[in-house]
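**Student:** Dropping in structure_5.cif, with mmCIF, C-alpha atoms (C1' of nucleotides).
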data_structure
#
loop_
_atom_site.label_atom_id
_atom_site.label_comp_id
_atom_site.auth_asym_id
_atom_site.auth_seq_id
_atom_site.Cartn_x
_atom_site.Cartn_y
_atom_site.Cartn_z
CA MET C 1 5.96 37.59 -38.43
CA ALA C 2 6.43 38.36 -34.77
CA PRO C 3 3.27 39.09 -32.77
CA VAL C 4 2.09 42.55 -31.90
CA ILE C 5 3.10 43.02 -28.30
CA PRO C 6 2.61 45.85 -25.81
CA GLU C 7 4.82 48.84 -26.51
CA ASP C 8 6.52 49.04 -23.13
CA ILE C 9 7.55 45.42 -23.32
CA GLN C 10 8.84 45.91 -26.84
CA LYS C 11 10.96 48.79 -25.58
CA GLU C 12 12.31 46.86 -22.62
CA ILE C 13 13.36 44.12 -24.99
CA GLU C 14 15.14 46.55 -27.24
CA LYS C 15 16.96 48.04 -24.27
CA LYS C 16 18.23 44.54 -23.52
CA GLY C 17 19.64 44.13 -26.99
CA GLY C 18 16.67 42.57 -28.74
CA LEU C 19 14.72 39.36 -28.47
CA ARG C 20 17.30 37.31 -30.32
CA LYS C 21 19.94 38.23 -27.81
CA ILE C 22 17.72 37.38 -24.86
CA LEU C 23 16.82 34.02 -26.36
CA ASN C 24 20.46 33.22 -26.98
CA SER C 25 21.24 33.83 -23.35
CA LEU C 26 18.79 31.18 -22.17
CA PRO C 27 20.10 27.72 -21.23
CA SER C 28 20.38 25.37 -24.21
CA ARG C 29 17.75 22.77 -24.95
CA LYS C 30 20.04 20.06 -23.59
CA GLU C 31 20.65 22.00 -20.42
CA LEU C 32 16.93 22.60 -19.96
CA GLU C 33 16.23 18.92 -20.46
CA ARG C 34 18.90 17.86 -18.01
CA LYS C 35 17.61 20.17 -15.33
CA ALA C 36 14.00 19.30 -16.02
CA LYS C 37 14.83 15.66 -15.52
CA ILE C 38 16.42 16.29 -12.15
CA HIS C 39 13.53 18.43 -11.00
CA SER C 40 11.08 15.88 -12.22
CA ALA C 41 12.86 13.32 -10.05
CA LEU C 42 12.53 15.69 -7.12
CA GLY C 43 8.89 16.24 -7.89
CA ASP C 44 7.55 13.53 -5.64
CA PRO C 45 7.25 13.65 -1.85
CA LEU C 46 8.47 10.12 -1.33
CA ARG C 47 11.56 10.66 -3.44
CA LEU C 48 12.26 13.91 -1.65
CA LYS C 49 11.95 12.11 1.66
CA ILE C 50 14.42 9.49 0.52
CA LEU C 51 16.84 12.20 -0.58
CA CYS C 52 16.54 13.92 2.78
CA PHE C 53 17.00 10.70 4.68
CA LEU C 54 20.04 9.63 2.67
CA GLY C 55 21.51 13.07 3.28
CA ILE C 56 21.66 12.18 6.94
CA GLN C 57 22.28 8.47 6.69
CA SER C 58 23.27 6.08 3.93
CA SER C 59 20.99 3.10 3.95
CA CYS C 60 20.17 -0.31 2.63
CA VAL C 61 16.97 -0.71 0.66
CA CYS C 62 15.35 -2.70 3.43
CA LEU C 63 15.54 0.17 5.89
CA LEU C 64 14.21 2.62 3.33
CA ARG C 65 11.39 0.20 2.65
CA ASP C 66 10.59 0.06 6.31
CA ILE C 67 10.59 3.83 6.62
CA ALA C 68 8.49 4.44 3.53
CA ASN C 69 6.26 1.50 4.28
CA ILE C 70 5.80 0.47 0.67
CA SER C 71 6.63 -2.60 -1.39
CA TYR C 72 10.14 -3.38 -2.52
CA SER C 73 9.19 -3.14 -6.16
CA LYS C 74 7.61 0.25 -5.74
CA LEU C 75 10.60 1.48 -3.83
CA SER C 76 12.98 0.09 -6.44
CA TYR C 77 11.13 2.04 -9.07
CA HIS C 78 11.53 5.30 -7.17
CA LEU C 79 15.15 4.59 -6.38
CA SER C 80 15.78 4.02 -10.06
CA ILE C 81 14.38 7.44 -10.86
CA LEU C 82 16.67 9.11 -8.35
CA LYS C 83 19.56 7.03 -9.62
CA ASN C 84 18.90 7.91 -13.25
CA SER C 85 18.97 11.58 -12.37
CA ASN C 86 22.30 11.15 -10.69
CA LEU C 87 21.06 12.09 -7.27
CA ILE C 88 21.81 8.81 -5.53
CA GLU C 89 23.92 5.75 -6.13
CA GLY C 90 23.75 2.20 -4.85
CA LYS C 91 26.69 0.00 -3.93
CA LYS C 92 26.29 -3.71 -3.49
CA ARG C 93 27.70 -5.00 -0.22
CA GLY C 94 27.09 -8.66 0.45
CA ASN C 95 23.43 -9.26 0.29
CA TYR C 96 22.58 -5.59 0.63
CA VAL C 97 22.62 -2.58 -1.62
CA ILE C 98 23.63 0.54 0.23
CA TYR C 99 22.31 3.76 -1.21
CA SER C 100 23.89 7.14 -0.65
CA LEU C 101 23.84 10.60 -2.19
CA THR C 102 26.04 11.50 -5.12
CA PRO C 103 27.80 14.87 -4.98
CA GLN C 104 24.95 16.28 -7.02
CA GLY C 105 22.46 14.68 -4.67
CA MET C 106 24.22 16.35 -1.76
CA ARG C 107 23.87 19.74 -3.37
CA TYR C 108 20.15 19.26 -3.66
CA TYR C 109 20.01 17.83 -0.18
CA GLU C 110 21.60 20.96 1.27
CA GLU C 111 19.27 23.15 -0.62
CA LEU C 112 16.09 21.23 -0.14
CA CYS C 113 16.15 19.34 3.09
CA LYS C 114 17.62 21.78 5.54
CA LYS C 115 14.84 23.74 7.20
CA GLU C 116 14.16 27.03 5.32
CA MET P 1 9.54 -5.32 13.89
CA ALA P 2 12.27 -3.30 12.24
CA PRO P 3 14.24 -5.05 9.51
CA VAL P 4 17.62 -6.59 10.04
CA ILE P 5 20.06 -4.09 8.66
CA PRO P 6 23.86 -4.10 8.29
CA GLU P 7 25.66 -3.61 11.57
CA ASP P 8 27.70 -0.58 10.60
CA ILE P 9 24.60 1.29 9.48
CA GLN P 10 22.82 0.35 12.67
CA LYS P 11 25.74 1.81 14.64
CA GLU P 12 25.84 5.00 12.63
CA ILE P 13 22.16 5.48 13.31
CA GLU P 14 22.64 4.99 17.01
CA LYS P 15 25.46 7.50 17.03
CA LYS P 16 23.03 9.98 15.52
CA GLY P 17 20.52 9.45 18.29
CA GLY P 18 18.45 6.67 16.81
CA LEU P 19 16.19 6.24 13.83
CA ARG P 20 13.25 8.00 15.45
CA LYS P 21 15.29 11.11 15.94
CA ILE P 22 16.52 11.12 12.35
CA LEU P 23 13.00 10.66 11.04
CA ASN P 24 11.72 13.50 13.18
CA SER P 25 14.31 15.81 11.71
CA LEU P 26 13.06 15.28 8.16
CA PRO P 27 10.76 17.87 6.59
CA SER P 28 7.09 17.28 7.37
CA ARG P 29 4.76 15.61 4.93
CA LYS P 30 3.23 18.95 4.08
CA GLU P 31 6.62 20.49 3.46
CA LEU P 32 7.64 17.58 1.28
CA GLU P 33 4.44 17.89 -0.72
CA ARG P 34 4.86 21.61 -1.17
CA LYS P 35 8.40 21.25 -2.42
CA ALA P 36 7.55 18.28 -4.58
CA LYS P 37 4.86 20.33 -6.27
CA ILE P 38 7.25 23.14 -7.09
CA HIS P 39 9.85 20.75 -8.41
CA SER P 40 7.27 18.97 -10.43
CA ALA P 41 6.37 22.28 -12.04
CA LEU P 42 10.04 22.79 -12.82
CA GLY P 43 10.30 19.29 -14.22
CA ASP P 44 9.56 20.23 -17.81
CA PRO P 45 11.95 21.88 -20.28
CA LEU P 46 9.35 24.22 -21.69
CA ARG P 47 8.29 25.44 -18.28
CA LEU P 48 11.91 25.92 -17.30
CA LYS P 49 12.46 27.92 -20.44
CA ILE P 50 9.50 30.13 -19.63
CA LEU P 51 10.84 30.66 -16.13
CA CYS P 52 14.23 31.60 -17.48
CA PHE P 53 12.77 33.96 -20.04
CA LEU P 54 10.49 35.68 -17.55
CA GLY P 55 13.48 36.11 -15.26
CA ILE P 56 14.95 38.38 -17.91
CA GLN P 57 11.81 39.91 -19.31
CA SER P 58 8.16 40.02 -18.23
CA SER P 59 5.96 39.11 -21.14
CA CYS P 60 2.49 38.84 -22.57
CA VAL P 61 1.24 35.40 -23.46
CA CYS P 62 1.42 36.14 -27.17
CA LEU P 63 5.17 36.66 -27.07
CA LEU P 64 5.71 33.53 -25.03
CA ARG P 65 3.56 31.66 -27.51
CA ASP P 66 5.69 32.94 -30.33
CA ILE P 67 8.89 31.94 -28.58
CA ALA P 68 7.69 28.50 -27.62
CA ASN P 69 5.94 27.99 -30.92
CA ILE P 70 3.01 26.06 -29.50
CA SER P 71 -0.73 26.64 -29.30
CA TYR P 72 -2.28 29.10 -26.91
CA SER P 73 -4.19 26.40 -25.11
CA LYS P 74 -1.11 24.29 -24.57
CA LEU P 75 0.79 27.31 -23.33
CA SER P 76 -2.06 28.29 -21.04
CA TYR P 77 -1.91 24.86 -19.50
CA HIS P 78 1.79 25.16 -18.75
CA LEU P 79 1.43 28.68 -17.45
CA SER P 80 -1.28 27.47 -15.10
CA ILE P 81 1.09 24.89 -13.69
CA LEU P 82 3.75 27.50 -13.01
CA LYS P 83 1.11 29.79 -11.57
CA ASN P 84 -0.30 27.13 -9.26
CA SER P 85 3.16 26.51 -7.89
CA ASN P 86 3.57 30.19 -7.17
CA LEU P 87 6.44 30.65 -9.52
CA ILE P 88 4.80 33.15 -11.87
CA GLU P 89 1.84 35.47 -11.82
CA GLY P 90 -0.22 37.09 -14.55
CA LYS P 91 -1.66 40.57 -14.49
CA LYS P 92 -4.33 41.64 -16.92
CA ARG P 93 -3.51 44.86 -18.75
CA GLY P 94 -5.97 45.84 -21.40
CA ASN P 95 -6.29 43.00 -23.78
CA TYR P 96 -3.08 41.39 -22.64
CA VAL P 97 -2.02 39.32 -19.68
CA ILE P 98 1.51 40.11 -18.59
CA TYR P 99 3.30 37.32 -16.82
CA SER P 100 6.23 37.83 -14.49
CA LEU P 101 8.08 35.94 -11.80
CA THR P 102 6.90 35.91 -8.21
CA PRO P 103 9.55 36.36 -5.51
CA GLN P 104 9.65 32.60 -5.23
CA GLY P 105 9.97 32.30 -8.97
CA MET P 106 12.90 34.69 -8.86
CA ARG P 107 14.69 32.55 -6.32
CA TYR P 108 14.39 29.55 -8.60
CA TYR P 109 15.36 31.67 -11.57
CA GLU P 110 18.60 32.72 -9.90
CA GLU P 111 19.38 29.21 -8.99
CA LEU P 112 18.36 27.50 -12.18
CA CYS P 113 18.78 29.78 -15.11
CA LYS P 114 22.11 31.45 -14.52
CA LYS P 115 24.85 29.49 -16.26
CA GLU P 116 26.38 26.67 -14.15
"C1'" DA B 1 23.63 -27.56 -3.53
"C1'" DA B 2 19.20 -26.29 -1.25
"C1'" DA B 3 16.99 -22.68 1.13
"C1'" DG B 4 16.70 -18.05 2.60
"C1'" DT B 5 17.37 -12.95 2.25
"C1'" DA B 6 17.70 -8.58 -0.24
"C1'" DT B 7 16.80 -6.51 -4.16
"C1'" DT B 8 15.55 -5.73 -9.13
"C1'" DT B 9 12.93 -6.52 -13.27
"C1'" DC B 10 8.89 -7.24 -15.93
"C1'" DA B 11 4.44 -6.77 -17.98
"C1'" DA B 12 -0.17 -5.52 -17.17
"C1'" DA B 13 -3.36 -2.42 -14.82
"C1'" DT B 14 -4.16 2.07 -13.03
"C1'" DT B 15 -3.53 6.87 -12.49
"C1'" DT B 16 -1.81 11.23 -13.78
"C1'" DT B 17 -0.19 14.44 -16.97
"C1'" DT B 18 -0.21 16.44 -21.33
"C1'" DT B 19 -2.10 17.49 -25.84
"C1'" DT B 20 -5.76 18.85 -28.95
"C1'" DG B 21 -9.23 21.46 -30.92
"C1'" DA B 22 -13.48 23.68 -30.16
"C1'" DA B 23 -15.96 26.89 -27.48
"C1'" DG B 24 -15.97 30.64 -24.09
"C1'" DT B 25 -14.59 35.27 -21.88
"C1'" DA B 26 -13.07 39.85 -21.68
"C1'" DA B 27 -11.23 43.95 -23.47
"C1'" DT B 28 -10.68 46.80 -27.79
"C1'" DT B 29 -11.52 48.60 -32.27
"C1'" DG B 30 -14.19 49.91 -36.23
"C1'" DC E 1 -22.88 46.85 -31.35
"C1'" DA E 2 -20.40 43.63 -34.53
"C1'" DA E 3 -15.90 42.12 -35.27
"C1'" DT E 4 -11.29 41.32 -33.70
"C1'" DT E 5 -7.63 40.27 -30.54
"C1'" DA E 6 -5.67 37.92 -26.56
"C1'" DC E 7 -6.22 34.58 -23.78
"C1'" DT E 8 -8.50 30.66 -20.88
"C1'" DT E 9 -11.39 26.73 -20.19
"C1'" DC E 10 -13.27 22.39 -21.27
"C1'" DA E 11 -13.77 17.61 -22.40
"C1'" DA E 12 -11.99 13.91 -24.95
"C1'" DA E 13 -7.86 11.58 -26.66
"C1'" DA E 14 -3.14 10.41 -26.20
"C1'" DA E 15 0.97 9.81 -23.77
"C1'" DA E 16 3.65 9.23 -19.71
"C1'" DA E 17 4.26 7.99 -14.93
"C1'" DT E 18 3.17 5.01 -11.24
"C1'" DT E 19 1.51 0.82 -8.98
"C1'" DT E 20 1.00 -4.09 -8.57
"C1'" DG E 21 2.24 -8.71 -7.97
"C1'" DA E 22 4.81 -12.38 -9.81
"C1'" DA E 23 9.16 -13.93 -11.36
"C1'" DA E 24 14.12 -13.35 -11.69
"C1'" DT E 25 18.84 -12.43 -9.82
"C1'" DA E 26 22.52 -12.56 -6.69
"C1'" DC E 27 24.38 -13.28 -2.44
"C1'" DT E 28 24.72 -16.06 2.00
"C1'" DT E 29 23.87 -19.46 5.07
"C1'" DT E 30 23.06 -24.19 6.08
#
What does the file become when written as structure tokens?

**Tutor:**
Amino acid sequence: MAPVIPEDIQKEIEKKGGLRKILNSLPSRKELERKAKIHSALGDPLRLKILCFLGIQSSCVCLLRDIANISYSKLSYHLSILKNSNLIEGKKRGNYVIYSLTPQGMRYYEELCKKE
Amino acid sequence: MAPVIPEDIQKEIEKKGGLRKILNSLPSRKELERKAKIHSALGDPLRLKILCFLGIQSSCVCLLRDIANISYSKLSYHLSILKNSNLIEGKKRGNYVIYSLTPQGMRYYEELCKKE
DNA sequence: AAAGTATTTCAAATTTTTTTGAAGTAATTG
DNA sequence: CAATTACTTCAAAAAAATTTGAAATACTTT
């Protein structure tokens, strides 16, 4: 039993082919979850800053730590979130791990970190 | 005392005008916080779904409730998050409140809800 | 191989976000 | 004006995210 909704809205919905049709056109649950996860990762100022920095310059963890001025373990945690959302990736090189943006990370970098 | 970082990265930074210059080009703290807040609001599948739906069709709360199949109070909470991030707005009309996207909400709708 | 550096992992503590259900508000109808 | 509808607010409980500091790992240098 669908709720009683305002008439004009009901009509607009019918003009668009009905509620069912609108609902079917929405992104799938999986898609919504994937995007939510990425946005959740971007939902923190420090992580955004890291994304913006890596967009300009790939970096070892030690430099990021110095810039953010937080503990290694805290930073590792935030890097793992960005990594798990496929925004950054780390490559081991000798003693260091060098982080850089993934192609997906670059897309968000362009969109998020350049002025506007 | 800056950390010891890999030589090649050091050189890349110098080529770009030095670390200071790179850091100055990043978005300000305020900007980062503002964007983080928006992305945080988008970091939930239900809220994304609401955004996507409202992009197609403005709606009273009762219809959204029916679609999401959750309690009013839970829905109100999520709507308040979207509202506080300036993605949606509600207008009282008689007994109903009709929610729709703000201009900012529409930008995110275009970017987030259309296929890809 | 011992010692040092860079980084990650872990578990416990803390903080924040989300959920729940009851109560409240505001407009509408009988 | 009492009852109903549509919605929001509130405070407590529950769940999830973040922080902390110590320990572990993995190279590198000595």

**Student:** Once chain C is superposed on chain P with a least-squares fit on all C-alpha pairs taken in order, can you show it as a compact mmCIF listing (two decimals) with C-alpha atoms, in the coordinates of the input?

**Tutor:**
# COMPACT_ATOMS: atom_id res chain seq x y z
CA MET C 1 9.47 -5.32 13.86
CA ALA C 2 12.22 -3.31 12.27
CA PRO C 3 14.23 -5.03 9.53
CA VAL C 4 17.60 -6.60 10.06
CA ILE C 5 20.04 -4.09 8.68
CA PRO C 6 23.82 -4.08 8.30
CA GLU C 7 25.64 -3.59 11.58
CA ASP C 8 27.69 -0.55 10.60
CA ILE C 9 24.60 1.29 9.47
CA GLN C 10 22.81 0.36 12.67
CA LYS C 11 25.71 1.82 14.63
CA GLU C 12 25.83 5.02 12.61
CA ILE C 13 22.15 5.49 13.29
CA GLU C 14 22.63 5.01 16.99
CA LYS C 15 25.46 7.53 17.00
CA LYS C 16 23.01 10.01 15.50
CA GLY C 17 20.51 9.48 18.27
CA GLY C 18 18.44 6.69 16.79
CA LEU C 19 16.17 6.26 13.81
CA ARG C 20 13.24 8.01 15.44
CA LYS C 21 15.28 11.13 15.93
CA ILE C 22 16.51 11.12 12.35
CA LEU C 23 12.99 10.67 11.02
CA ASN C 24 11.72 13.51 13.15
CA SER C 25 14.31 15.81 11.68
CA LEU C 26 13.07 15.28 8.14
CA PRO C 27 10.76 17.88 6.56
CA SER C 28 7.09 17.29 7.36
CA ARG C 29 4.76 15.61 4.92
CA LYS C 30 3.23 18.98 4.05
CA GLU C 31 6.62 20.50 3.45
CA LEU C 32 7.65 17.57 1.26
CA GLU C 33 4.45 17.89 -0.73
CA ARG C 34 4.87 21.61 -1.21
CA LYS C 35 8.40 21.24 -2.45
CA ALA C 36 7.56 18.26 -4.61
CA LYS C 37 4.88 20.31 -6.30
CA ILE C 38 7.27 23.12 -7.12
CA HIS C 39 9.88 20.73 -8.45
CA SER C 40 7.29 18.93 -10.46
CA ALA C 41 6.40 22.26 -12.06
CA LEU C 42 10.06 22.77 -12.85
CA GLY C 43 10.31 19.29 -14.25
CA ASP C 44 9.57 20.21 -17.83
CA PRO C 45 11.94 21.88 -20.30
CA LEU C 46 9.34 24.21 -21.71
CA ARG C 47 8.29 25.43 -18.29
CA LEU C 48 11.91 25.91 -17.31
CA LYS C 49 12.46 27.92 -20.47
CA ILE C 50 9.50 30.12 -19.64
CA LEU C 51 10.84 30.66 -16.13
CA CYS C 52 14.24 31.61 -17.50
CA PHE C 53 12.76 33.95 -20.06
CA LEU C 54 10.48 35.68 -17.55
CA GLY C 55 13.50 36.11 -15.29
CA ILE C 56 14.95 38.38 -17.92
CA GLN C 57 11.78 39.90 -19.30
CA SER C 58 8.16 40.01 -18.23
CA SER C 59 5.95 39.11 -21.13
CA CYS C 60 2.49 38.83 -22.55
CA VAL C 61 1.23 35.38 -23.44
CA CYS C 62 1.40 36.12 -27.14
CA LEU C 63 5.15 36.65 -27.08
CA LEU C 64 5.69 33.51 -25.03
CA ARG C 65 3.55 31.65 -27.52
CA ASP C 66 5.67 32.93 -30.34
CA ILE C 67 8.87 31.93 -28.59
CA ALA C 68 7.68 28.47 -27.62
CA ASN C 69 5.93 27.98 -30.92
CA ILE C 70 2.99 26.08 -29.48
CA SER C 71 -0.75 26.63 -29.29
CA TYR C 72 -2.30 29.10 -26.90
CA SER C 73 -4.21 26.40 -25.09
CA LYS C 74 -1.13 24.30 -24.55
CA LEU C 75 0.78 27.30 -23.33
CA SER C 76 -2.06 28.29 -21.01
CA TYR C 77 -1.93 24.86 -19.48
CA HIS C 78 1.78 25.15 -18.74
CA LEU C 79 1.42 28.67 -17.45
CA SER C 80 -1.27 27.46 -15.09
CA ILE C 81 1.10 24.88 -13.67
CA LEU C 82 3.76 27.48 -13.00
CA LYS C 83 1.13 29.79 -11.57
CA ASN C 84 -0.27 27.12 -9.26
CA SER C 85 3.18 26.50 -7.88
CA ASN C 86 3.60 30.16 -7.16
CA LEU C 87 6.47 30.63 -9.53
CA ILE C 88 4.83 33.14 -11.85
CA GLU C 89 1.87 35.47 -11.79
CA GLY C 90 -0.20 37.08 -14.51
CA LYS C 91 -1.63 40.59 -14.46
CA LYS C 92 -4.31 41.64 -16.87
CA ARG C 93 -3.50 44.85 -18.72
CA GLY C 94 -5.99 45.83 -21.37
CA ASN C 95 -6.30 43.00 -23.76
CA TYR C 96 -3.10 41.36 -22.59
CA VAL C 97 -2.03 39.31 -19.63
CA ILE C 98 1.49 40.11 -18.57
CA TYR C 99 3.31 37.32 -16.81
CA SER C 100 6.24 37.83 -14.49
CA LEU C 101 8.10 35.93 -11.79
CA THR C 102 6.92 35.91 -8.20
CA PRO C 103 9.57 36.35 -5.51
CA GLN C 104 9.69 32.58 -5.22
CA GLY C 105 9.99 32.29 -8.98
CA MET C 106 12.93 34.68 -8.88
CA ARG C 107 14.71 32.53 -6.35
CA TYR C 108 14.43 29.55 -8.63
CA TYR C 109 15.36 31.66 -11.60
CA GLU C 110 18.61 32.71 -9.94
CA GLU C 111 19.41 29.20 -9.04
CA LEU C 112 18.39 27.49 -12.21
CA CYS C 113 18.79 29.78 -15.14
CA LYS C 114 22.10 31.47 -14.53
CA LYS C 115 24.85 29.49 -16.21
CA GLU C 116 26.42 26.96 -13.76

**Student:** Decode the PyMOL selection byres ((chain B) within 8 of (chain P)) for the given file into explicit residues and return them as a list in words.

**Tutor:** DT19, DA26, DA27 and DT28 of chain B

**Student:** Compute the distance from (-11.2, 23.8, -26.6) to each atom, counting only C-alpha atoms (C1' of nucleotides), keep the residues with any atom at most 9 Å away, and return them as a PyMOL selection string; use the coordinates of the file.

**Tutor:** (chain P and resi 73) or (chain B and resi 20-24) or (chain E and resi 9-11)

**Student:** Out of P:Met106, P:Leu101, P:Asn86, P:Lys49, which residue has the shortest atom-to-atom distance to Arg34 in chain P when counting all atoms listed in the file?

**Tutor:**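 Using all atoms listed in the file, Arg34 in chain P sits closest to P:Asn86.
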
**Student:** Any chance you could resolve the PyMOL selection byres ((chain C) within 9 of (chain P)) against this file and give the residues as a PyMOL selection string?

**Tutor:** chain C and resi 2-6+9+12-13+16+22-23+26-27+29-49+52-53+56-60+62-63+66-67+96+112-115

**Student:** Do you have the CA of Thr102 in chain C-CA of Glu89 in chain C distance handy?

**Tutor:** 6.2 Å

**Student:** Can you patch up range 51-59 of chain P, filling it in to all heavy atoms, and show the result as a compact mmCIF listing (two decimals), keeping the file's coordinate frame?

**Tutor:**
# COMPACT_ATOMS: atom_id res chain seq x y z
N LEU P 51 10.32 30.06 -17.35
CA LEU P 51 10.84 30.66 -16.13
C LEU P 51 12.08 31.48 -16.42
O LEU P 51 12.23 32.62 -15.96
CB LEU P 51 11.16 29.58 -15.11
CG LEU P 51 11.69 30.08 -13.77
CD1 LEU P 51 10.53 30.26 -12.78
CD2 LEU P 51 12.72 29.13 -13.15
N CYS P 52 12.98 30.91 -17.18
CA CYS P 52 14.23 31.60 -17.48
C CYS P 52 13.98 32.87 -18.29
O CYS P 52 14.61 33.90 -18.07
CB CYS P 52 15.19 30.68 -18.24
SG CYS P 52 15.80 29.30 -17.23
N PHE P 53 13.06 32.78 -19.23
CA PHE P 53 12.77 33.96 -20.04
C PHE P 53 12.14 35.05 -19.18
O PHE P 53 12.57 36.21 -19.23
CB PHE P 53 11.84 33.60 -21.20
CG PHE P 53 11.58 34.77 -22.11
CD1 PHE P 53 12.53 35.16 -23.05
CD2 PHE P 53 10.41 35.51 -22.01
CE1 PHE P 53 12.31 36.26 -23.88
CE2 PHE P 53 10.18 36.62 -22.84
CZ PHE P 53 11.13 36.99 -23.77
N LEU P 54 11.16 34.68 -18.38
CA LEU P 54 10.49 35.68 -17.55
C LEU P 54 11.43 36.29 -16.52
O LEU P 54 11.19 37.39 -16.03
CB LEU P 54 9.27 35.07 -16.86
CG LEU P 54 8.11 34.67 -17.78
CD1 LEU P 54 6.96 34.07 -16.97
CD2 LEU P 54 7.62 35.87 -18.58
N GLY P 55 12.48 35.55 -16.18
CA GLY P 55 13.48 36.11 -15.26
C GLY P 55 14.20 37.30 -15.89
O GLY P 55 14.66 38.20 -15.21
N ILE P 56 14.29 37.28 -17.21
CA ILE P 56 14.95 38.38 -17.91
C ILE P 56 13.94 39.44 -18.32
O ILE P 56 14.20 40.63 -18.22
CB ILE P 56 15.65 37.85 -19.18
CG1 ILE P 56 16.67 36.79 -18.79
CG2 ILE P 56 16.32 38.99 -19.94
CD1 ILE P 56 17.34 36.12 -19.97
N GLN P 57 12.77 38.99 -18.71
CA GLN P 57 11.81 39.91 -19.31
C GLN P 57 10.37 39.46 -19.05
O GLN P 57 9.98 38.38 -19.48
CB GLN P 57 12.07 39.96 -20.84
CG GLN P 57 11.08 40.78 -21.61
CD GLN P 57 11.12 42.25 -21.21
OE1 GLN P 57 12.15 42.89 -21.27
NE2 GLN P 57 9.98 42.78 -20.78
N SER P 58 9.60 40.29 -18.36
CA SER P 58 8.16 40.02 -18.23
C SER P 58 7.55 40.01 -19.62
O SER P 58 8.04 40.69 -20.52
CB SER P 58 7.49 41.08 -17.37
OG SER P 58 7.98 41.00 -16.05
N SER P 59 6.46 39.30 -19.77
CA SER P 59 5.96 39.11 -21.14
C SER P 59 4.47 38.80 -21.19
O SER P 59 3.92 38.17 -20.29
CB SER P 59 6.75 37.98 -21.79
OG SER P 59 6.14 37.56 -22.99
